[in-house]
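The structure file protein37.txt is reproduced below (compact mmCIF, C-alpha atoms).
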```
# COMPACT_ATOMS: atom_id res chain seq x y z
CA MET G 7 0.00 0.00 0.00
CA ASN G 8 1.27 3.47 -0.92
CA LYS G 9 1.76 5.70 2.12
CA LYS G 10 1.36 9.05 0.36
CA LYS G 11 -2.32 10.04 0.33
CA LEU G 12 -3.30 12.09 -2.71
CA HIS G 13 -6.37 14.08 -3.67
CA ILE G 14 -7.67 12.78 -7.02
CA LEU G 15 -10.14 14.72 -9.16
CA PHE G 16 -12.37 12.31 -11.09
CA LEU G 17 -13.45 14.32 -14.13
CA CYS G 18 -16.45 12.38 -15.46
CA SER G 19 -18.41 12.59 -18.71
CA TRP G 20 -20.54 9.76 -17.26
CA TYR G 21 -21.50 9.37 -13.59
CA PRO G 22 -24.65 8.34 -11.69
CA SER G 23 -26.94 11.32 -11.08
CA ARG G 24 -30.62 12.08 -10.42
CA VAL G 25 -31.10 12.30 -14.21
CA LEU G 26 -29.38 8.98 -15.04
CA PRO G 27 -28.99 7.02 -11.77
CA ASN G 28 -27.05 4.15 -13.39
CA ASN G 29 -25.01 6.04 -15.98
CA GLY G 30 -21.33 5.21 -15.47
CA ASP G 31 -21.87 3.23 -12.28
CA PHE G 32 -18.70 1.31 -13.25
CA ILE G 33 -16.82 4.64 -12.97
CA GLN G 34 -18.31 5.11 -9.52
CA ARG G 35 -16.95 1.69 -8.51
CA HIS G 36 -13.48 2.62 -9.85
CA ALA G 37 -13.67 5.74 -7.66
CA GLU G 38 -14.68 3.65 -4.64
CA ALA G 39 -11.69 1.36 -5.22
CA VAL G 40 -9.31 4.33 -5.36
CA SER G 41 -10.93 5.90 -2.27
CA LEU G 42 -9.48 3.06 -0.17
CA LEU G 43 -6.10 4.75 -0.65
CA HIS G 44 -6.72 8.37 -1.62
CA ASP G 45 -9.19 11.25 -1.28
CA ILE G 46 -11.61 11.49 -4.22
CA SER G 47 -13.62 14.39 -5.60
CA ILE G 48 -16.06 13.82 -8.48
CA LEU G 49 -16.83 16.54 -11.05
CA HIS G 50 -19.77 15.83 -13.37
CA ILE G 51 -22.05 18.08 -15.47
CA ILE G 52 -25.36 16.95 -16.99
CA SER G 53 -28.52 18.47 -18.51
CA ASP G 54 -31.78 18.17 -16.54
CA VAL G 55 -35.10 18.86 -18.31
CA SER G 56 -36.87 19.37 -14.96
CA LEU G 57 -34.61 22.32 -14.05
CA LYS G 58 -36.28 25.76 -13.63
CA LYS G 59 -33.06 27.80 -13.21
CA ASN G 60 -30.10 27.73 -15.56
CA ILE G 61 -27.62 25.91 -13.27
CA GLU G 62 -28.03 23.95 -10.04
CA ILE G 63 -25.05 22.67 -8.03
CA VAL G 64 -25.43 19.58 -5.84
CA THR G 65 -22.59 18.52 -3.53
CA GLN G 66 -22.73 15.46 -1.30
CA LYS G 67 -20.45 12.88 0.28
CA THR G 68 -21.16 9.19 -0.30
CA ASN G 69 -18.87 6.31 0.72
CA LYS G 70 -15.95 8.69 1.42
CA ILE G 71 -16.33 10.23 -2.06
CA GLN G 72 -17.07 13.96 -2.38
CA THR G 73 -19.41 14.32 -5.36
CA HIS G 74 -19.98 17.64 -7.14
CA ILE G 75 -22.63 17.59 -9.88
CA ALA G 76 -23.83 20.58 -11.90
CA TYR G 77 -27.28 20.27 -13.48
CA ILE G 78 -27.89 22.53 -16.50
CA LYS G 79 -31.22 23.51 -18.06
CA PRO G 80 -31.31 22.21 -21.66
CA ILE G 81 -31.24 24.88 -24.35
CA LYS G 82 -31.05 24.70 -28.14
CA ASN G 83 -28.75 27.69 -28.56
CA PRO G 84 -25.25 26.07 -28.67
CA ILE G 85 -23.42 29.24 -27.63
CA ILE G 86 -25.52 29.71 -24.48
CA LYS G 87 -25.26 25.97 -23.77
CA ILE G 88 -21.44 26.10 -23.89
CA TYR G 89 -21.47 29.25 -21.73
CA TRP G 90 -23.61 27.57 -19.04
CA PHE G 91 -21.46 24.43 -19.22
CA LEU G 92 -18.22 26.38 -18.71
CA LYS G 93 -19.77 28.52 -15.99
CA ALA G 94 -20.86 25.33 -14.18
CA PHE G 95 -17.36 23.87 -14.60
CA PHE G 96 -15.68 26.90 -13.02
CA ILE G 97 -18.19 26.97 -10.15
CA LEU G 98 -17.38 23.31 -9.42
CA ILE G 99 -13.60 23.59 -9.83
CA ASN G 100 -13.58 26.50 -7.36
CA LYS G 101 -15.58 24.46 -4.85
CA ILE G 102 -13.11 21.56 -4.95
CA GLU G 103 -10.11 21.81 -2.65
CA LYS G 104 -6.59 21.62 -4.04
CA PHE G 105 -6.09 18.35 -5.92
CA ASP G 106 -2.95 16.51 -7.06
CA ILE G 107 -3.98 14.80 -10.28
CA VAL G 108 -6.91 14.49 -12.68
CA HIS G 109 -8.45 11.10 -13.49
CA LEU G 110 -10.45 11.65 -16.69
CA ASN G 111 -13.26 9.19 -17.31
CA LYS G 112 -14.23 8.93 -20.97
CA LEU G 113 -11.88 10.67 -23.32
CA TYR G 114 -14.33 13.09 -24.97
CA PRO G 115 -15.71 15.72 -24.40
CA PHE G 116 -14.47 16.23 -20.81
CA GLY G 117 -10.92 15.64 -22.03
CA ILE G 118 -10.99 19.25 -23.26
CA LEU G 119 -11.38 20.28 -19.60
CA ALA G 120 -8.51 17.94 -18.64
CA LEU G 121 -6.31 19.73 -21.19
CA PHE G 122 -7.32 23.09 -19.71
CA LEU G 123 -6.44 21.90 -16.18
CA LYS G 124 -3.07 20.64 -17.44
CA TRP G 125 -2.18 23.84 -19.29
CA PHE G 126 -3.48 26.41 -16.80
CA TYR G 127 -3.50 24.57 -13.43
CA LYS G 128 -0.40 22.42 -14.15
CA LYS G 129 -2.30 19.23 -13.24
CA SER G 130 -1.36 16.03 -15.07
CA PHE G 131 -4.10 13.58 -16.02
CA ILE G 132 -4.68 9.92 -16.77
CA ILE G 133 -7.62 8.56 -18.78
CA SER G 134 -9.92 5.61 -18.07
CA GLU G 135 -11.82 4.54 -21.17
CA HIS G 136 -14.89 2.29 -21.44
CA TRP G 137 -16.70 3.48 -24.57
CA THR G 138 -17.75 0.88 -27.17
CA GLY G 139 -18.13 3.68 -29.73
CA TYR G 140 -14.43 3.47 -30.70
CA HIS G 141 -14.98 0.04 -32.26
CA GLN G 142 -15.85 -0.38 -35.93
CA PRO G 143 -18.37 0.12 -37.43
CA GLN G 144 -19.60 2.51 -34.68
CA ALA G 145 -16.38 4.59 -34.93
CA LYS G 146 -17.46 5.78 -38.40
CA ASN G 147 -20.02 7.99 -36.65
CA ILE G 148 -17.37 9.99 -34.75
CA SER G 149 -17.03 13.52 -36.11
CA LYS G 150 -13.75 14.87 -37.52
CA ILE G 151 -13.55 17.55 -34.82
CA GLU G 152 -13.92 14.91 -32.09
CA ILE G 153 -11.16 12.80 -33.69
CA PHE G 154 -8.92 15.88 -33.96
CA LEU G 155 -9.42 16.91 -30.32
CA SER G 156 -9.21 13.32 -29.01
CA LYS G 157 -5.76 12.93 -30.60
CA ARG G 158 -4.58 16.02 -28.68
CA ILE G 159 -6.10 14.76 -25.44
CA THR G 160 -4.50 11.28 -25.58
CA LYS G 161 -1.15 12.78 -26.59
CA ASN G 162 -1.18 14.92 -23.42
CA ALA G 163 -2.29 12.18 -21.01
CA SER G 164 0.27 10.55 -18.71
CA PHE G 165 -1.50 7.19 -19.06
CA ILE G 166 -4.47 5.91 -21.08
CA CYS G 167 -6.26 3.03 -19.34
CA PRO G 168 -8.80 1.22 -21.51
CA VAL G 169 -10.53 -1.75 -19.85
CA SER G 170 -9.23 -4.18 -22.51
CA LYS G 171 -6.50 -4.65 -25.12
CA ASP G 172 -9.23 -4.85 -27.73
CA LEU G 173 -10.39 -1.32 -26.86
CA GLN G 174 -6.77 -0.11 -26.98
CA LYS G 175 -6.46 -1.60 -30.48
CA SER G 176 -9.59 0.25 -31.63
CA MET G 177 -8.32 3.53 -30.15
CA THR G 178 -4.87 3.28 -31.74
CA HIS G 179 -6.59 2.41 -35.04
CA LEU G 180 -8.09 5.92 -34.79
CA ASN G 181 -4.54 7.27 -34.21
CA PHE G 182 -5.17 8.01 -30.54
CA TYR G 183 -1.56 7.46 -29.48
CA GLY G 184 -0.18 7.60 -25.96
CA ASN G 185 1.09 5.61 -23.00
CA TYR G 186 -1.41 2.72 -22.75
CA THR G 187 -1.88 0.38 -19.80
CA ILE G 188 -4.89 -1.92 -19.34
CA VAL G 189 -6.95 -1.49 -16.16
CA PRO G 190 -10.09 -3.69 -16.16
CA ASN G 191 -13.40 -3.05 -14.45
CA VAL G 192 -13.67 -3.59 -10.71
CA VAL G 193 -15.79 -6.00 -8.63
CA ASP G 194 -16.60 -5.81 -4.92
CA THR G 195 -15.39 -9.35 -4.24
CA ASN G 196 -16.37 -8.95 -0.57
CA LEU G 197 -20.03 -8.77 -1.65
CA PHE G 198 -20.10 -10.85 -4.84
CA LEU G 199 -19.48 -14.20 -3.16
CA PRO G 200 -20.29 -17.80 -4.08
CA SER G 201 -23.12 -19.43 -2.15
CA LYS G 202 -24.69 -22.88 -2.08
CA ASN G 203 -27.19 -23.00 -4.95
CA GLU G 204 -30.25 -25.04 -4.02
CA ASN G 205 -32.24 -23.92 -7.04
CA GLN G 206 -33.71 -27.04 -8.67
CA LYS G 207 -34.30 -25.38 -12.04
CA PHE G 208 -31.80 -24.89 -14.84
CA THR G 209 -31.76 -21.11 -14.52
CA ILE G 210 -30.38 -18.87 -17.26
CA LEU G 211 -29.77 -15.26 -16.25
CA HIS G 212 -29.26 -12.21 -18.44
CA ILE G 213 -28.73 -8.67 -17.11
CA SER G 214 -28.24 -5.72 -19.46
CA ASN G 215 -29.63 -2.45 -20.84
CA MET G 216 -31.98 -4.62 -22.94
CA LEU G 217 -31.07 -2.88 -26.22
CA ASP G 218 -31.57 -5.57 -28.85
CA SER G 219 -29.14 -4.04 -31.36
CA HIS G 220 -26.40 -4.31 -28.72
CA LYS G 221 -27.31 -7.24 -26.45
CA ASN G 222 -29.36 -9.38 -28.92
CA VAL G 223 -31.99 -10.20 -26.29
CA SER G 224 -34.29 -11.57 -29.00
CA GLY G 225 -31.58 -14.10 -29.87
CA ILE G 226 -31.45 -15.22 -26.23
CA ILE G 227 -35.25 -15.67 -26.14
CA LYS G 228 -35.32 -17.62 -29.42
CA THR G 229 -32.48 -19.89 -28.26
CA PHE G 230 -34.26 -20.43 -24.94
CA SER G 231 -37.45 -21.50 -26.77
CA LYS G 232 -35.46 -24.31 -28.44
CA LEU G 233 -33.81 -25.24 -25.13
CA LYS G 234 -37.21 -25.43 -23.43
CA ASN G 235 -38.16 -28.33 -25.73
CA GLN G 236 -35.15 -30.33 -24.49
CA ILE G 237 -34.98 -29.14 -20.86
CA PRO G 238 -38.57 -28.57 -19.64
CA ASN G 239 -37.25 -27.71 -16.16
CA SER G 240 -35.49 -24.55 -17.35
CA GLU G 241 -36.22 -20.87 -16.83
CA LEU G 242 -34.90 -17.59 -18.21
CA ILE G 243 -34.55 -14.43 -16.10
CA LEU G 244 -34.17 -11.13 -17.95
CA ILE G 245 -33.20 -8.14 -15.78
CA GLY G 246 -32.94 -4.63 -17.17
CA GLU G 247 -34.78 -1.43 -17.92
CA ASP G 248 -38.04 -2.06 -19.78
CA SER G 249 -37.30 -5.79 -20.13
CA LYS G 250 -41.04 -6.37 -20.76
CA LYS G 251 -40.64 -4.86 -24.24
CA HIS G 252 -39.33 -8.34 -25.21
CA LYS G 253 -42.45 -10.13 -23.92
CA PRO G 254 -44.33 -10.07 -27.26
CA LEU G 255 -41.60 -12.25 -28.79
CA ALA G 256 -41.85 -14.67 -25.85
CA ASP G 257 -45.65 -14.70 -26.22
CA SER G 258 -45.36 -15.56 -29.92
CA LEU G 259 -43.07 -18.48 -29.01
CA GLN G 260 -45.42 -19.54 -26.18
CA ILE G 261 -42.68 -19.48 -23.51
CA SER G 262 -43.68 -16.40 -21.47
CA ASN G 263 -44.59 -18.57 -18.48
CA SER G 264 -40.97 -19.72 -18.24
CA ILE G 265 -39.44 -16.22 -18.42
CA GLN G 266 -39.21 -13.62 -15.66
CA PHE G 267 -39.14 -10.06 -16.99
CA ILE G 268 -37.64 -7.90 -14.23
CA ASP G 269 -37.11 -4.15 -14.51
CA HIS G 270 -33.82 -2.54 -13.47
CA ILE G 271 -32.81 -3.42 -9.90
CA PRO G 272 -30.26 -1.86 -7.49
CA HIS G 273 -26.74 -3.16 -8.00
CA TYR G 274 -26.60 -4.96 -4.63
CA LYS G 275 -29.66 -7.05 -5.58
CA VAL G 276 -27.82 -8.43 -8.61
CA ILE G 277 -25.77 -10.61 -6.24
CA GLU G 278 -28.74 -12.75 -5.20
CA TYR G 279 -29.72 -13.48 -8.80
CA LEU G 280 -26.15 -14.35 -9.83
CA GLN G 281 -25.79 -16.72 -6.87
CA LYS G 282 -29.01 -18.58 -7.77
CA ALA G 283 -28.35 -18.77 -11.53
CA THR G 284 -27.03 -21.91 -13.19
CA VAL G 285 -25.43 -19.81 -15.90
CA PHE G 286 -25.14 -16.16 -16.83
CA VAL G 287 -25.44 -15.42 -20.56
CA LEU G 288 -24.47 -12.53 -22.87
CA PHE G 289 -25.32 -12.83 -26.57
CA SER G 290 -24.02 -9.36 -27.48
CA ASN G 291 -23.03 -8.11 -30.91
CA TYR G 292 -20.24 -5.99 -29.38
CA GLU G 293 -18.77 -5.31 -25.91
CA ASN G 294 -15.67 -4.04 -24.12
CA LEU G 295 -15.37 -5.82 -20.77
CA PRO G 296 -18.80 -6.20 -19.14
CA CYS G 297 -18.74 -5.82 -15.35
CA VAL G 298 -21.47 -8.44 -14.98
CA ILE G 299 -19.27 -11.21 -16.42
CA LEU G 300 -16.60 -10.45 -13.80
CA GLU G 301 -19.29 -10.31 -11.10
CA SER G 302 -20.58 -13.72 -12.27
CA PHE G 303 -17.11 -15.19 -11.86
CA SER G 304 -16.88 -13.64 -8.40
CA CYS G 305 -20.13 -15.40 -7.46
CA GLY G 306 -18.84 -18.68 -8.89
CA THR G 307 -21.45 -18.66 -11.68
CA PRO G 308 -20.39 -19.99 -15.12
CA VAL G 309 -20.79 -17.72 -18.14
CA ILE G 310 -21.68 -18.24 -21.78
CA SER G 311 -20.82 -15.15 -23.81
CA THR G 312 -20.21 -14.18 -27.39
CA ASN G 313 -16.51 -13.79 -28.14
CA VAL G 314 -16.59 -10.04 -28.76
CA GLY G 315 -14.48 -7.08 -27.67
CA GLY G 316 -12.24 -7.72 -24.68
CA VAL G 317 -14.33 -10.55 -23.18
CA SER G 318 -11.83 -13.30 -24.09
CA GLU G 319 -8.94 -11.43 -22.40
CA PHE G 320 -10.36 -12.18 -18.95
CA PHE G 321 -12.16 -15.50 -19.52
CA PRO G 322 -10.43 -18.67 -18.27
CA LYS G 323 -11.44 -21.73 -20.32
CA ASN G 324 -12.93 -23.71 -17.44
CA PHE G 325 -15.27 -20.87 -16.37
CA GLY G 326 -17.75 -21.24 -19.23
CA TYR G 327 -17.92 -20.94 -23.01
CA LEU G 328 -17.22 -18.29 -25.64
CA ILE G 329 -19.42 -18.49 -28.73
CA THR G 330 -19.82 -16.83 -32.13
CA PRO G 331 -22.10 -13.76 -32.28
CA ASN G 332 -25.59 -14.46 -33.68
CA ASN G 333 -24.99 -18.24 -33.74
CA GLU G 334 -28.09 -19.56 -31.96
CA ASN G 335 -27.25 -23.20 -32.72
CA GLU G 336 -23.84 -22.90 -31.03
CA PHE G 337 -25.47 -21.04 -28.12
CA LEU G 338 -28.01 -23.85 -27.69
CA GLU G 339 -25.27 -26.49 -27.92
CA LYS G 340 -23.23 -24.86 -25.12
CA LEU G 341 -26.31 -24.51 -22.88
CA LEU G 342 -27.01 -28.24 -23.32
CA THR G 343 -23.34 -29.07 -22.66
CA LEU G 344 -23.46 -27.07 -19.44
CA TYR G 345 -26.70 -28.79 -18.41
CA LYS G 346 -25.20 -32.27 -18.94
CA ASN G 347 -21.77 -31.39 -17.49
CA PRO G 348 -22.13 -28.67 -14.82
CA ILE G 349 -19.06 -26.53 -14.14
CA GLN G 350 -18.00 -26.88 -10.50
CA SER G 351 -15.34 -24.21 -10.01
CA LYS G 352 -16.96 -21.77 -7.57
CA ALA G 353 -13.96 -21.24 -5.29
CA GLN G 354 -11.52 -21.06 -8.22
CA MET G 355 -13.70 -18.51 -10.04
CA HIS G 356 -14.02 -16.29 -6.98
CA THR G 357 -10.26 -16.42 -6.34
CA TYR G 358 -9.61 -15.41 -9.96
CA ALA G 359 -11.96 -12.41 -9.57
CA LYS G 360 -10.32 -11.41 -6.29
CA ILE G 361 -6.80 -11.51 -7.75
CA ASN G 362 -7.70 -9.55 -10.90
CA PHE G 363 -10.71 -7.29 -10.22
CA SER G 364 -11.02 -6.64 -6.47
CA TYR G 365 -11.16 -3.13 -5.02
CA ASP G 366 -7.68 -3.66 -3.53
CA LYS G 367 -6.22 -4.77 -6.87
CA ILE G 368 -7.72 -2.00 -9.01
CA GLY G 369 -7.20 0.69 -6.34
CA ASN G 370 -3.51 -0.17 -6.06
CA THR G 371 -3.10 -0.31 -9.86
CA PHE G 372 -4.45 3.23 -10.26
CA SER G 373 -2.49 4.42 -7.21
CA ASN G 374 0.78 3.27 -8.80
CA LEU G 375 -0.10 5.12 -12.01
CA TYR G 376 -0.82 8.32 -10.08
CA LEU G 377 2.56 8.14 -8.34
CA LYS G 378 4.39 7.44 -11.61
CA THR G 379 2.59 10.42 -13.15
CA LEU G 380 3.61 12.76 -10.33
CA ASN G 381 7.19 11.50 -10.36
```
What would you get if you wrote out this structure as structure tokens?
Amino acid sequence: MNKKKLHILFLCSWYPSRVLPNNGDFIQRHAEAVSLLHDISILHIISDVSLKKNIEIVTQKTNKIQTHIAYIKPIKNPIIKIYWFLKAFFILINKIEKFDIVHLNKLYPFGILALFLKWFYKKSFIISEHWTGYHQPQAKNISKIEIFLSKRITKNASFICPVSKDLQKSMTHLNFYGNYTIVPNVVDTNLFLPSKNENQKFTILHISNMLDSHKNVSGIIKTFSKLKNQIPNSELILIGEDSKKHKPLADSLQISNSIQFIDHIPHYKVIEYLQKATVFVLFSNYENLPCVILESFSCGTPVISTNVGGVSEFFPKNFGYLITPNNENEFLEKLLTLYKNPIQSKAQMHTYAKINFSYDKIGNTFSNLYLKTLN
């Protein structure tokens, strides 16, 4: 453990707020990991349609983290919008006590503010990056001005910390060059623990944002309908915002009675579902490094996931199966394999998560980068 306690400014394009309570919750968990060793202040700015005045500042302390959020009234005039944004930024930066280093979360657009703090406040910065938008074909939608500015931001960063090598590859493909080091997502391995599973059903669990173009939830439901014919004692649990929008498909396949459609739940309640699941599944078309896969491992729950993004980089062979995107036959085959030959590696899976993704591990990794930056 590093003895020197620093004050770290987390400069966040995404962060949980009253507008988007779950937006960037993985960034919040990174901050919690770092807070075991250092003082943390969060700076976040977001539009709020319910706002009556132009700017509202909310400051509160949660889990040792000082959070400063500016809410801005939406406006169509871009010049006034930028003015309010910058005014909010300066109000927040003047509220925050002297800090040692900036930890930028999501390269753009808040990286422009990180550059300003480096040039005018002499504060170095590192970047954590999670965004799937840097992968092809999504990257084709990034504007030329964003590419231009992002190159300047990465060039000036002390370290760039994508959550996977695959994301680093996509970023360097866009000529975002710099000093890269991989820092994965974090798991509270003291909470996400294995437990004795007395569930008699073959339970398939999926947790996501429920966007079909991203997570291919319809593919999961169609595969489950085929599985149901071979394993009558099976159930599917879908957890996520507006999961019931997928119920018409289940109705058409006559399997709604075997599927639980659960709306978004608090993060701590995810643990119970992971512990009771036979398998956690992701049938995504693209990903970086989903937190929920790491949390599944920490609970000792096997995973079947498409081999996309950085998933394979942190996926030991005996912890589940990686499959081809959109291949429902392969998906079905692996579910049947798991049913016939259950994976019994709970303790091993949890140990792997603890070594690689625990708060202590990730907190110390970032702490070392901060000290290298300052030195």
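Put simply, CA of His36 in chain G is 22.3 Å away from CA of Pro200 in chain G.
Closest approach to Ser302 in chain G from the set G:Tyr127, G:Phe198, G:Phe289, G:Tyr327 is made by G:Phe198, with distances taken over only C-alpha atoms.
Going from CA of Lys82 in chain G over to CA of Ile51 in chain G, you cover 16.9 Å.
Counting all atoms listed in the file, the residue from G:Gln260, G:Thr138, G:Asn362, G:Ser219 that sits nearest to Pro168 in chain G is G:Thr138.
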For the point (-26.2, 22.5, -9.1) in the file's frame, write as a short mmCIF file (atom, residue, chain, number, x, y, z; two decimals) with C-alpha atoms, keeping the file's coordinate frame all residues with an atom no more than 9 Å away, counting all atoms listed in the file.
```cif
data_model
loop_
_atom_site.label_atom_id
_atom_site.label_comp_id
_atom_site.auth_asym_id
_atom_site.auth_seq_id
_atom_site.Cartn_x
_atom_site.Cartn_y
_atom_site.Cartn_z
CA ILE G 51 -22.05 18.08 -15.47
CA ILE G 61 -27.62 25.91 -13.27
CA GLU G 62 -28.03 23.95 -10.04
CA ILE G 63 -25.05 22.67 -8.03
CA VAL G 64 -25.43 19.58 -5.84
CA THR G 65 -22.59 18.52 -3.53
CA HIS G 74 -19.98 17.64 -7.14
CA ILE G 75 -22.63 17.59 -9.88
CA ALA G 76 -23.83 20.58 -11.90
CA TYR G 77 -27.28 20.27 -13.48
CA ILE G 78 -27.89 22.53 -16.50
CA ALA G 94 -20.86 25.33 -14.18
CA LEU G 98 -17.38 23.31 -9.42
#
```
Distance in Å - CA of Gly139 in chain G versus CA of Glu152 in chain G: 12.2 Å
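If you measure from each of G:Phe208, G:Phe32, G:Phe303, G:Phe321 to Pro348 in chain G using all atoms listed in the file, the closest one turns out to be G:Phe208.
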Can you pull out the residues contacting Lys58 in chain G? Cut-off 8 Å, using only C-alpha atoms, and skip same-chain residues under 2 positions away; I want them as a PDB file with C-alpha atoms, keeping the file's coordinate frame.
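Output file around_11.pdb is given in full below:
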```pdb
ATOM      1  CA  SER G  56     -36.870  19.370 -14.960  1.00  0.00           C
ATOM      2  CA  ASN G  60     -30.100  27.730 -15.560  1.00  0.00           C
ATOM      3  CA  LYS G  79     -31.220  23.510 -18.060  1.00  0.00           C
TER       4      LYS G  79
END
```
Shell around range 19-28 of chain G at 10 Å using all atoms listed in the file, local window under 2 positions removed, as JSON, numbers by chain: {"G": [16, 17, 30, 31, 32, 33, 34, 48, 49, 50, 51, 52, 53, 54, 55, 56, 64, 73, 75, 76, 77, 110, 111, 112, 113, 114, 115, 116, 117, 270, 272, 273]}
Restricting it to C-alpha atoms, dump the selection as a PDB file, in the coordinates of the input.
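Result went into result.pdb, see below:
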```
ATOM      1  CA  PHE G  16     -12.370  12.310 -11.090  1.00  0.00           C
ATOM      2  CA  LEU G  17     -13.450  14.320 -14.130  1.00  0.00           C
ATOM      3  CA  GLY G  30     -21.330   5.210 -15.470  1.00  0.00           C
ATOM      4  CA  ASP G  31     -21.870   3.230 -12.280  1.00  0.00           C
ATOM      5  CA  PHE G  32     -18.700   1.310 -13.250  1.00  0.00           C
ATOM      6  CA  ILE G  33     -16.820   4.640 -12.970  1.00  0.00           C
ATOM      7  CA  GLN G  34     -18.310   5.110  -9.520  1.00  0.00           C
ATOM      8  CA  ILE G  48     -16.060  13.820  -8.480  1.00  0.00           C
ATOM      9  CA  LEU G  49     -16.830  16.540 -11.050  1.00  0.00           C
ATOM     10  CA  HIS G  50     -19.770  15.830 -13.370  1.00  0.00           C
ATOM     11  CA  ILE G  51     -22.050  18.080 -15.470  1.00  0.00           C
ATOM     12  CA  ILE G  52     -25.360  16.950 -16.990  1.00  0.00           C
ATOM     13  CA  SER G  53     -28.520  18.470 -18.510  1.00  0.00           C
ATOM     14  CA  ASP G  54     -31.780  18.170 -16.540  1.00  0.00           C
ATOM     15  CA  VAL G  55     -35.100  18.860 -18.310  1.00  0.00           C
ATOM     16  CA  SER G  56     -36.870  19.370 -14.960  1.00  0.00           C
ATOM     17  CA  VAL G  64     -25.430  19.580  -5.840  1.00  0.00           C
ATOM     18  CA  THR G  73     -19.410  14.320  -5.360  1.00  0.00           C
ATOM     19  CA  ILE G  75     -22.630  17.590  -9.880  1.00  0.00           C
ATOM     20  CA  ALA G  76     -23.830  20.580 -11.900  1.00  0.00           C
ATOM     21  CA  TYR G  77     -27.280  20.270 -13.480  1.00  0.00           C
ATOM     22  CA  LEU G 110     -10.450  11.650 -16.690  1.00  0.00           C
ATOM     23  CA  ASN G 111     -13.260   9.190 -17.310  1.00  0.00           C
ATOM     24  CA  LYS G 112     -14.230   8.930 -20.970  1.00  0.00           C
ATOM     25  CA  LEU G 113     -11.880  10.670 -23.320  1.00  0.00           C
ATOM     26  CA  TYR G 114     -14.330  13.090 -24.970  1.00  0.00           C
ATOM     27  CA  PRO G 115     -15.710  15.720 -24.400  1.00  0.00           C
ATOM     28  CA  PHE G 116     -14.470  16.230 -20.810  1.00  0.00           C
ATOM     29  CA  GLY G 117     -10.920  15.640 -22.030  1.00  0.00           C
ATOM     30  CA  HIS G 270     -33.820  -2.540 -13.470  1.00  0.00           C
ATOM     31  CA  PRO G 272     -30.260  -1.860  -7.490  1.00  0.00           C
ATOM     32  CA  HIS G 273     -26.740  -3.160  -8.000  1.00  0.00           C
TER      33      HIS G 273
END
```
Option closest in space to Leu377 in chain G, from G:Trp137, G:Phe95, G:Phe165, G:Tyr345 [counting only C-alpha atoms]: G:Phe165
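Among the candidates G:Arg35, G:Lys10, G:Lys87, G:Lys124, the one nearest to Ser364 in chain G when counting only C-alpha atoms is G:Arg35.
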Near range 170-179 of chain G, within 6 Å and counting all atoms listed in the file, which residues show up once chain neighbours fewer than 4 positions away are dropped, as a PDB file with C-alpha atoms, keeping the file's coordinate frame?
```
ATOM      1  CA  TYR G 140     -14.430   3.470 -30.700  1.00  0.00           C
ATOM      2  CA  HIS G 141     -14.980   0.040 -32.260  1.00  0.00           C
ATOM      3  CA  TYR G 183      -1.560   7.460 -29.480  1.00  0.00           C
ATOM      4  CA  ILE G 188      -4.890  -1.920 -19.340  1.00  0.00           C
ATOM      5  CA  GLY G 315     -14.480  -7.080 -27.670  1.00  0.00           C
ATOM      6  CA  GLY G 316     -12.240  -7.720 -24.680  1.00  0.00           C
TER       7      GLY G 316
END
```
Spatial neighbours of range 220-235 of chain G, 8 Å, all atoms listed in the file, chain gap at least 6 places, as a PyMOL selection string: chain G and resi 214+242+252+255-256+259+261+288-292+332+334-335+337-338+341-342
Best match for closeness to Phe96 in chain G among G:Val287, G:Leu280, G:Leu119, G:Leu217, counting all atoms listed in the file: G:Leu119
Would you compute the box with edges along x, y and z of the file around range 327-341 of chain G, including every atom the file lists for it and 4 Å extra on each side, and give its centre and edge lengths in Å to one decimal, as lines of an AutoDock Vina configuration file?
```
center_x = -22.7
center_y = -20.1
center_z = -28.3
size_x = 18.9
size_y = 20.7
size_z = 18.9
```
Surrounding residues of Thr330 in chain G excluding itself and chain neighbours under 4 positions, 8 Å, all atoms listed in the file, as an MDAnalysis selection string: chainID G and resid 312:313 336
Using the selection just defined, write its residues with C-alpha atoms as an mmCIF file, in the coordinates of the input.
```
data_model
loop_
_atom_site.group_PDB
_atom_site.id
_atom_site.type_symbol
_atom_site.label_atom_id
_atom_site.label_comp_id
_atom_site.auth_asym_id
_atom_site.auth_seq_id
_atom_site.Cartn_x
_atom_site.Cartn_y
_atom_site.Cartn_z
ATOM 1 C CA THR G 312 -20.210 -14.180 -27.390
ATOM 2 C CA ASN G 313 -16.510 -13.790 -28.140
ATOM 3 C CA GLU G 336 -23.840 -22.900 -31.030
#
```
